[in-house]
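Have a look at work01.csv below; it lists CSV, C-alpha atoms.
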chain,number,residue,atom,x,y,z
A,507,MET,CA,3.9,223.3,157.0
A,508,GLN,CA,7.1,225.2,156.7
A,509,HIS,CA,9.0,222.3,158.4
A,510,VAL,CA,7.5,219.8,156.0
A,511,THR,CA,8.5,222.0,153.0
A,512,LEU,CA,12.1,222.4,154.3
A,513,THR,CA,12.3,218.7,154.9
A,514,LEU,CA,11.2,218.0,151.3
A,515,LEU,CA,13.7,220.6,150.0
A,516,ILE,CA,16.5,218.9,151.9
A,517,VAL,CA,15.5,215.5,150.6
A,518,VAL,CA,15.5,216.7,147.0
A,519,ALA,CA,18.8,218.6,147.5
A,520,ASN,CA,20.4,215.5,148.9
A,521,VAL,CA,19.2,213.3,146.0
A,522,LEU,CA,20.5,215.8,143.5
A,523,GLY,CA,23.7,216.5,145.4
A,524,ALA,CA,24.5,212.9,145.8
A,525,GLY,CA,23.6,212.0,142.3
A,526,MET,CA,24.8,215.1,140.3
A,527,ALA,CA,28.3,213.6,139.8
A,528,PHE,CA,26.9,210.3,138.7
A,529,PRO,CA,26.1,211.3,135.1
A,530,GLN,CA,29.7,212.5,134.7
A,531,ALA,CA,31.1,209.3,136.3
A,532,LEU,CA,28.9,207.1,134.1
A,533,ARG,CA,29.9,209.0,130.9
A,534,LEU,CA,33.6,208.5,131.8
A,535,ALA,CA,33.1,204.9,132.5
A,536,ARG,CA,31.2,204.3,129.2
A,537,THR,CA,33.0,206.5,126.7
A,538,ARG,CA,36.5,206.5,128.3
A,539,ARG,CA,36.7,210.1,127.1
A,540,THR,CA,38.2,212.8,129.3
A,541,ASP,CA,38.2,215.8,126.9
A,542,GLY,CA,36.7,218.8,128.5
A,543,VAL,CA,36.9,217.2,132.0
A,544,SER,CA,39.1,219.1,134.5
A,545,GLY,CA,41.4,217.2,136.8
A,546,VAL,CA,41.7,220.2,139.0
A,547,TRP,CA,37.9,220.2,139.3
A,548,ALA,CA,37.9,216.5,140.4
A,549,GLY,CA,40.5,217.1,143.0
A,550,ILE,CA,38.8,220.2,144.5
A,551,SER,CA,35.5,218.4,144.5
A,552,ILE,CA,36.8,215.6,146.6
A,553,ALA,CA,38.3,218.1,149.1
A,554,MET,CA,35.2,220.4,149.2
A,555,ASN,CA,32.7,217.6,149.7
A,556,GLY,CA,34.9,216.5,152.6
A,557,TRP,CA,34.7,220.0,154.0
A,558,TRP,CA,30.9,220.2,153.6
A,559,LEU,CA,30.6,216.8,155.4
A,560,VAL,CA,32.6,218.0,158.4
A,561,TYR,CA,30.9,221.4,158.4
A,562,GLY,CA,27.5,219.7,158.4
A,563,VAL,CA,28.4,217.6,161.4
A,564,ALA,CA,30.0,220.5,163.3
A,565,GLU,CA,27.1,222.9,162.8
A,566,ARG,CA,24.5,220.1,163.0
A,567,LEU,CA,23.2,220.8,159.5
A,568,TRP,CA,22.5,217.1,159.1
A,569,GLY,CA,21.0,217.6,155.6
A,570,LEU,CA,24.5,218.3,154.3
A,571,VAL,CA,26.0,215.0,155.5
A,572,PRO,CA,24.5,212.3,153.2
A,573,THR,CA,25.0,214.3,150.0
A,574,SER,CA,28.5,215.3,150.9
A,575,ALA,CA,29.5,211.7,151.8
A,576,VAL,CA,28.1,210.1,148.6
A,577,ALA,CA,29.4,212.9,146.3
A,578,ALA,CA,32.9,212.6,147.7
A,579,VAL,CA,32.9,208.9,146.9
A,580,ILE,CA,31.7,209.5,143.3
A,581,TYR,CA,34.3,212.2,142.8
A,582,VAL,CA,37.0,209.8,143.9
A,583,PHE,CA,35.8,207.4,141.2
A,584,ILE,CA,35.9,210.2,138.6
A,585,ALA,CA,39.5,211.1,139.7
A,586,VAL,CA,40.6,207.5,139.5
A,587,THR,CA,38.9,207.0,136.1
A,588,ILE,CA,40.5,210.0,134.4
A,589,VAL,CA,43.9,209.0,135.7
A,590,ARG,CA,43.4,205.4,134.4
A,591,VAL,CA,42.1,206.7,131.0
A,592,ASP,CA,45.0,209.1,130.4
A,593,GLY,CA,48.3,207.6,129.6
A,594,GLY,CA,52.0,208.5,129.5
A,595,ALA,CA,52.7,212.2,129.9
A,596,ALA,CA,49.0,213.0,130.0
A,597,ARG,CA,48.6,210.8,133.0
A,598,ARG,CA,51.4,212.5,134.9
A,599,SER,CA,49.8,215.9,134.0
A,600,THR,CA,46.4,214.6,135.2
A,601,VAL,CA,47.8,213.4,138.5
A,602,GLY,CA,49.5,216.8,139.0
A,603,ARG,CA,46.2,218.6,138.4
A,604,LEU,CA,44.4,216.3,140.8
A,605,VAL,CA,47.0,217.0,143.5
A,606,LEU,CA,46.8,220.8,142.7
A,607,GLY,CA,43.0,220.5,143.2
A,608,LEU,CA,43.3,218.7,146.5
A,609,GLY,CA,45.8,221.4,147.6
A,610,LEU,CA,43.5,224.2,146.7
A,611,GLY,CA,40.8,222.4,148.6
A,612,THR,CA,42.6,223.1,151.8
A,613,ALA,CA,41.9,226.8,151.5
A,614,PRO,CA,39.3,226.9,154.4
A,615,LEU,CA,41.8,225.5,156.9
A,616,PRO,CA,43.3,228.8,158.0
A,617,PHE,CA,39.9,230.4,158.3
A,618,LEU,CA,38.9,227.5,160.6
A,619,ALA,CA,42.0,228.0,162.7
A,620,LEU,CA,41.4,231.8,163.0
A,621,GLY,CA,37.6,232.0,163.4
A,622,GLY,CA,36.1,228.6,164.0
A,623,TRP,CA,33.3,227.0,162.0
A,624,PRO,CA,31.2,230.2,161.4
A,625,VAL,CA,34.1,231.8,159.5
A,626,ALA,CA,35.3,228.6,157.9
A,627,GLY,CA,31.7,228.0,156.7
A,628,ILE,CA,31.8,231.1,154.6
A,629,ALA,CA,35.2,230.1,153.2
A,630,ILE,CA,33.7,226.7,152.4
A,631,GLY,CA,30.8,228.4,150.6
A,632,LEU,CA,33.3,230.5,148.6
A,633,GLY,CA,35.3,227.3,148.0
A,634,TYR,CA,32.3,225.8,146.1
A,635,GLY,CA,32.9,228.5,143.5
A,636,LEU,CA,36.6,227.5,143.5
A,637,GLN,CA,35.5,223.9,143.0
A,638,LEU,CA,33.4,224.6,139.9
A,639,LEU,CA,35.7,227.3,138.3
A,640,PRO,CA,38.3,224.9,136.9
A,641,ALA,CA,35.5,222.9,135.1
A,642,VAL,CA,34.2,226.0,133.6
A,643,ILE,CA,37.6,227.2,132.4
A,644,ALA,CA,38.4,223.7,131.0
A,645,ALA,CA,35.0,223.7,129.1
A,646,TYR,CA,35.7,227.2,127.6
A,647,ARG,CA,39.3,226.3,126.6
A,648,SER,CA,38.8,222.7,125.4
A,649,ARG,CA,38.6,222.0,121.6
A,650,GLU,CA,36.2,219.2,122.3
A,651,LEU,CA,33.5,218.8,125.0
A,652,GLY,CA,32.5,215.1,124.4
A,653,GLY,CA,33.6,214.1,127.9
A,654,ILE,CA,31.3,216.5,129.7
A,655,ALA,CA,27.9,215.2,131.0
A,656,PRO,CA,25.3,218.0,130.8
A,657,GLY,CA,23.1,216.2,133.4
A,658,THR,CA,25.7,216.7,136.1
A,659,TRP,CA,25.6,220.5,135.6
A,660,ILE,CA,21.8,220.7,135.3
A,661,MET,CA,21.5,218.8,138.6
A,662,ALA,CA,24.2,221.0,140.2
A,663,TRP,CA,22.2,224.1,139.2
A,664,ILE,CA,18.9,222.8,140.7
A,665,GLU,CA,20.6,221.5,143.9
A,666,SER,CA,22.4,224.9,144.4
A,667,ALA,CA,19.2,226.8,143.9
A,668,ILE,CA,17.5,224.7,146.6
A,669,TRP,CA,20.4,225.3,149.1
A,670,VAL,CA,20.1,229.0,148.5
A,671,VAL,CA,16.4,228.9,149.5
A,672,TYR,CA,17.3,226.7,152.5
A,673,GLY,CA,20.1,229.0,153.4
A,674,VAL,CA,17.7,232.0,153.4
A,675,VAL,CA,15.3,230.2,155.7
A,676,VAL,CA,17.9,229.0,158.3
A,677,VAL,CA,20.0,232.1,157.8
A,678,ASP,CA,23.2,230.3,157.0
A,679,PRO,CA,25.8,232.4,155.2
A,680,ALA,CA,27.8,229.4,154.0
A,681,LEU,CA,24.8,227.9,152.3
A,682,LEU,CA,23.9,231.2,150.7
A,683,VAL,CA,27.4,231.8,149.3
A,684,GLY,CA,27.9,228.3,148.2
A,685,GLY,CA,24.5,228.0,146.7
A,686,THR,CA,24.9,231.2,144.7
A,687,SER,CA,28.2,230.0,143.3
A,688,GLY,CA,26.5,226.8,142.4
A,689,VAL,CA,24.0,228.6,140.3
A,690,VAL,CA,26.4,231.0,138.6
A,691,PHE,CA,29.1,228.6,137.4
A,692,PRO,CA,26.8,225.7,136.1
A,693,THR,CA,24.9,228.4,134.2
A,694,LEU,CA,28.2,229.5,132.5
A,695,LEU,CA,29.1,225.9,131.6
A,696,LEU,CA,25.7,225.0,130.3
A,697,ALA,CA,25.7,228.1,128.2
A,698,ARG,CA,29.0,226.9,126.7
A,699,LEU,CA,27.5,223.6,125.9
A,700,ALA,CA,24.4,225.2,124.5
A,701,VAL,CA,26.5,227.3,122.1
A,702,THR,CA,28.9,224.6,120.8
A,703,GLY,CA,27.4,221.3,122.0
A,704,HIS,CA,29.9,218.5,121.7
A,705,ARG,CA,31.2,219.6,118.3
A,706,PRO,CA,34.9,220.3,118.0
A,707,PHE,CA,36.0,223.9,117.6
A,708,ARG,CA,39.3,225.5,116.6
A,709,LEU,CA,41.1,228.1,118.5
A,710,PRO,CA,42.6,231.0,116.3
A,711,ALA,CA,45.9,230.0,114.7
A,712,ARG,CA,47.9,232.3,116.9
A,713,VAL,CA,46.3,231.2,120.2
A,714,THR,CA,47.6,228.2,121.9
A,715,ARG,CA,46.7,226.7,125.3
A,716,PRO,CA,49.6,227.2,127.7
A,717,ALA,CA,50.9,224.3,129.6
A,718,TRP,CA,50.1,225.9,133.0
A,719,SER,CA,46.4,226.6,132.2
A,720,ILE,CA,43.8,225.1,134.6
A,721,GLY,CA,42.0,222.1,133.3
Turn this file's structure into structure tokens for me.
Amino acid sequence: MQHVTLTLLIVVANVLGAGMAFPQALRLARTRRTDGVSGVWAGISIAMNGWWLVYGVAERLWGLVPTSAVAAVIYVFIAVTIVRVDGGAARRSTVGRLVLGLGLGTAPLPFLALGGWPVAGIAIGLGYGLQLLPAVIAAYRSRELGGIAPGTWIMAWIESAIWVVYGVVVVDPALLVGGTSGVVFPTLLLARLAVTGHRPFRLPARVTRPAWSIG
């Protein structure tokens, strides 16, 4: 019975994990609006899903493989779309943020070299929080949030909660750490949307967004 339950959890988590980026990709394709969408987030998401894919193969956690592969492809689409939508100086800035995100996504590499996959797995789990943090920062700092798809973050929350349960059962620290991050950060972003929705808001007159801020 437990095996059947775990199998069902993995199936649901894979469906949600593979599809969670789809609402965001669809919203970008339909509206061509990128406000509130973080380029750094897209870059890190590509890298981290690649890490989860390799980690799943290395540790024989096959349930991670399908969702990571499909999600990586969707995040590539999101990255390409926001680059194509933004023009001029904004496009150069977006490309720079994507490259920054990809660079940050290499963070587990030294842990893999020093301690192998068990240590790298924990770093990958922590990296999931790193993946989501730029999106949360961008949402809290953006004047408009019309580019954000709430469905992506609701699915991320549910998927992460499932991986926490699965991580407890199989005693996998990487899944526990990553799943916990995946519950906390979507909660913060959804709370931001719940408070302001997609209505524009104004920062105080003396507060400006610095050019180096993550978004």
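Restricting the calculation to all atoms listed in the file, the smallest distance between Gly523 of chain A and any of A:Leu681, A:Ala596, A:Val701, A:Ile664 is found for A:Ile664.
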With a cut-off of 12 Å, could you pull out the residues of segment 508-554 of chain A touching segment 571-579 of chain A and give me the nearest pair of atoms for each, distance in Å to one decimal, using all atoms listed in the file, ordered by chain and ascending number, as CSV?
residue,atom,partner,partner_atom,distance
A:Ile516,CA,A:Thr573,CA,9.8
A:Val517,CA,A:Thr573,CA,9.6
A:Val518,CA,A:Thr573,CA,10.2
A:Ala519,CA,A:Thr573,CA,7.9
A:Asn520,CA,A:Thr573,CA,4.9
A:Val521,CA,A:Thr573,CA,7.1
A:Leu522,CA,A:Thr573,CA,8.0
A:Gly523,CA,A:Thr573,CA,5.3
A:Ala524,CA,A:Thr573,CA,4.5
A:Gly525,CA,A:Ala577,CA,7.1
A:Met526,CA,A:Ala577,CA,7.9
A:Ala527,CA,A:Ala577,CA,6.6
A:Phe528,CA,A:Ala577,CA,8.4
A:Pro529,CA,A:Ala577,CA,11.8
A:Gln530,CA,A:Ala577,CA,11.6
A:Ala531,CA,A:Val579,CA,10.8
A:Ala548,CA,A:Ala578,CA,9.7
A:Gly549,CA,A:Ala578,CA,10.0
A:Ile550,CA,A:Ala578,CA,10.1
A:Ser551,CA,A:Ala578,CA,7.1
A:Ile552,CA,A:Ala578,CA,5.0
A:Ala553,CA,A:Ala578,CA,7.8
A:Met554,CA,A:Ala578,CA,8.3
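Take the candidates A:Ala680, A:Leu515, A:Val546, A:Ile580 and check each one against Tyr634 of chain A using only C-alpha atoms; the shortest distance goes to A:Ala680.
Proximity to Val671 of chain A was assessed for A:Phe617, A:Gly594, A:Thr511, A:Leu636 counting all atoms listed in the file; the smallest distance is recorded for A:Thr511.
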Leaving out Leu694 of chain A and any residue of its chain fewer than 5 positions from it, which residues lie within 10 Å of it when counting all atoms listed in the file, given as a PDB file with C-alpha atoms, in the frame of the given file?
ATOM      1  CA  LEU A 639      35.700 227.300 138.300  1.00  0.00           C
ATOM      2  CA  VAL A 642      34.200 226.000 133.600  1.00  0.00           C
ATOM      3  CA  ILE A 643      37.600 227.200 132.400  1.00  0.00           C
ATOM      4  CA  ALA A 645      35.000 223.700 129.100  1.00  0.00           C
ATOM      5  CA  TYR A 646      35.700 227.200 127.600  1.00  0.00           C
ATOM      6  CA  TRP A 659      25.600 220.500 135.600  1.00  0.00           C
ATOM      7  CA  VAL A 689      24.000 228.600 140.300  1.00  0.00           C
ATOM      8  CA  LEU A 699      27.500 223.600 125.900  1.00  0.00           C
ATOM      9  CA  ALA A 700      24.400 225.200 124.500  1.00  0.00           C
TER      10      ALA A 700
END
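Nearest-residue note for Ala641 of chain A: choosing from A:Thr587, A:Thr693, A:Ser666, A:Asn555, the minimum distance belongs to A:Thr693, counting all atoms listed in the file.
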Give me the residues near Val683 of chain A as an mmCIF file with C-alpha atoms, in the coordinates of the input, where near means some atom within 9 Å (using only C-alpha atoms) and where sequence neighbours in that chain fewer than 2 positions away do not count.
data_model
loop_
_atom_site.group_PDB
_atom_site.id
_atom_site.type_symbol
_atom_site.label_atom_id
_atom_site.label_comp_id
_atom_site.auth_asym_id
_atom_site.auth_seq_id
_atom_site.Cartn_x
_atom_site.Cartn_y
_atom_site.Cartn_z
ATOM 1 C CA ILE A 628 31.800 231.100 154.600
ATOM 2 C CA ALA A 629 35.200 230.100 153.200
ATOM 3 C CA ILE A 630 33.700 226.700 152.400
ATOM 4 C CA GLY A 631 30.800 228.400 150.600
ATOM 5 C CA LEU A 632 33.300 230.500 148.600
ATOM 6 C CA TYR A 634 32.300 225.800 146.100
ATOM 7 C CA GLY A 635 32.900 228.500 143.500
ATOM 8 C CA VAL A 670 20.100 229.000 148.500
ATOM 9 C CA GLY A 673 20.100 229.000 153.400
ATOM 10 C CA ASP A 678 23.200 230.300 157.000
ATOM 11 C CA PRO A 679 25.800 232.400 155.200
ATOM 12 C CA ALA A 680 27.800 229.400 154.000
ATOM 13 C CA LEU A 681 24.800 227.900 152.300
ATOM 14 C CA GLY A 685 24.500 228.000 146.700
ATOM 15 C CA THR A 686 24.900 231.200 144.700
ATOM 16 C CA SER A 687 28.200 230.000 143.300
ATOM 17 C CA GLY A 688 26.500 226.800 142.400
#
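Of the listed residues A:Ala585, A:Ala564, A:Ala535, A:Val591, the one whose atoms come nearest to Gly607 of chain A is A:Ala585, with distances taken using all atoms listed in the file.
Minimum atom-to-atom distances from A:Arg566, A:Ile588, A:Val674, A:Ile660 to Thr537 of chain A were compared using only C-alpha atoms, and the lowest value belongs to A:Ile588.
In this model, the gap between atom CA of Gly622 of chain A and atom CA of Leu610 of chain A comes to 19.3 Å.
In this structure, atom CA of Leu638 of chain A sits 14.9 Å away from atom CA of Gly609 of chain A.
The two atoms in question, atom CA of Ala644 of chain A and atom CA of Thr600 of chain A, are spaced 12.8 Å apart.
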Can segment 638-649 of chain A be brought up to all heavy atoms and written out as a compact mmCIF listing (two decimals), in the coordinates of the input?
# COMPACT_ATOMS: atom_id res chain seq x y z
N LEU A 638 34.06 224.71 141.25
CA LEU A 638 33.40 224.60 139.90
C LEU A 638 34.21 225.42 138.86
O LEU A 638 34.12 225.10 137.67
CB LEU A 638 32.01 225.19 140.01
CG LEU A 638 31.06 224.46 140.96
CD1 LEU A 638 29.70 225.14 140.97
CD2 LEU A 638 30.92 222.99 140.59
N LEU A 639 34.98 226.42 139.28
CA LEU A 639 35.70 227.30 138.30
C LEU A 639 36.58 226.53 137.35
O LEU A 639 36.55 226.81 136.14
CB LEU A 639 36.45 228.36 139.06
CG LEU A 639 37.22 229.37 138.18
CD1 LEU A 639 36.26 230.12 137.27
CD2 LEU A 639 38.00 230.35 139.06
N PRO A 640 37.43 225.58 137.81
CA PRO A 640 38.30 224.90 136.90
C PRO A 640 37.52 224.14 135.77
O PRO A 640 37.96 224.06 134.62
CB PRO A 640 39.07 223.89 137.74
CG PRO A 640 39.04 224.51 139.10
CD PRO A 640 37.71 225.17 139.20
N ALA A 641 36.35 223.58 136.14
CA ALA A 641 35.50 222.90 135.10
C ALA A 641 35.03 223.84 134.09
O ALA A 641 34.99 223.51 132.89
CB ALA A 641 34.37 222.18 135.84
N VAL A 642 34.64 225.04 134.51
CA VAL A 642 34.20 226.00 133.60
C VAL A 642 35.29 226.50 132.65
O VAL A 642 35.12 226.61 131.43
CB VAL A 642 33.54 227.24 134.32
CG1 VAL A 642 33.13 228.34 133.33
CG2 VAL A 642 32.34 226.80 135.14
N ILE A 643 36.46 226.76 133.24
CA ILE A 643 37.60 227.20 132.40
C ILE A 643 37.98 226.10 131.42
O ILE A 643 38.23 226.38 130.25
CB ILE A 643 38.81 227.49 133.35
CG1 ILE A 643 38.53 228.73 134.20
CG2 ILE A 643 40.09 227.71 132.52
CD1 ILE A 643 39.61 229.05 135.21
N ALA A 644 38.01 224.84 131.88
CA ALA A 644 38.40 223.70 131.00
C ALA A 644 37.36 223.64 129.83
O ALA A 644 37.74 223.39 128.68
CB ALA A 644 38.41 222.42 131.76
N ALA A 645 36.08 223.83 130.13
CA ALA A 645 35.00 223.70 129.10
C ALA A 645 35.20 224.85 128.06
O ALA A 645 35.00 224.63 126.86
CB ALA A 645 33.66 223.81 129.73
N TYR A 646 35.56 226.04 128.52
CA TYR A 646 35.70 227.20 127.60
C TYR A 646 37.00 227.10 126.80
O TYR A 646 37.10 227.71 125.73
CB TYR A 646 35.61 228.49 128.35
CG TYR A 646 34.18 228.95 128.53
CD1 TYR A 646 33.40 228.47 129.58
CD2 TYR A 646 33.59 229.86 127.65
CE1 TYR A 646 32.08 228.87 129.75
CE2 TYR A 646 32.28 230.28 127.81
CZ TYR A 646 31.53 229.78 128.86
OH TYR A 646 30.21 230.17 129.01
N ARG A 647 38.00 226.37 127.30
CA ARG A 647 39.30 226.30 126.60
C ARG A 647 39.47 225.04 125.80
O ARG A 647 40.38 224.96 124.98
CB ARG A 647 40.43 226.45 127.62
CG ARG A 647 40.48 227.80 128.33
CD ARG A 647 41.73 227.94 129.18
NE ARG A 647 42.92 227.97 128.35
CZ ARG A 647 43.43 229.06 127.80
NH1 ARG A 647 42.84 230.23 127.98
NH2 ARG A 647 44.51 229.00 127.06
N SER A 648 38.65 224.02 126.04
CA SER A 648 38.80 222.70 125.40
C SER A 648 38.33 222.80 123.92
O SER A 648 37.34 223.46 123.62
CB SER A 648 38.08 221.63 126.10
OG SER A 648 38.62 221.41 127.38
N ARG A 649 39.02 222.09 123.04
CA ARG A 649 38.60 222.00 121.60
C ARG A 649 37.40 221.11 121.47
O ARG A 649 36.60 221.29 120.56
CB ARG A 649 39.77 221.52 120.78
CG ARG A 649 40.91 222.52 120.62
CD ARG A 649 41.98 221.97 119.71
NE ARG A 649 42.99 222.97 119.40
CZ ARG A 649 44.02 223.27 120.17
NH1 ARG A 649 44.18 222.63 121.31
NH2 ARG A 649 44.88 224.19 119.81
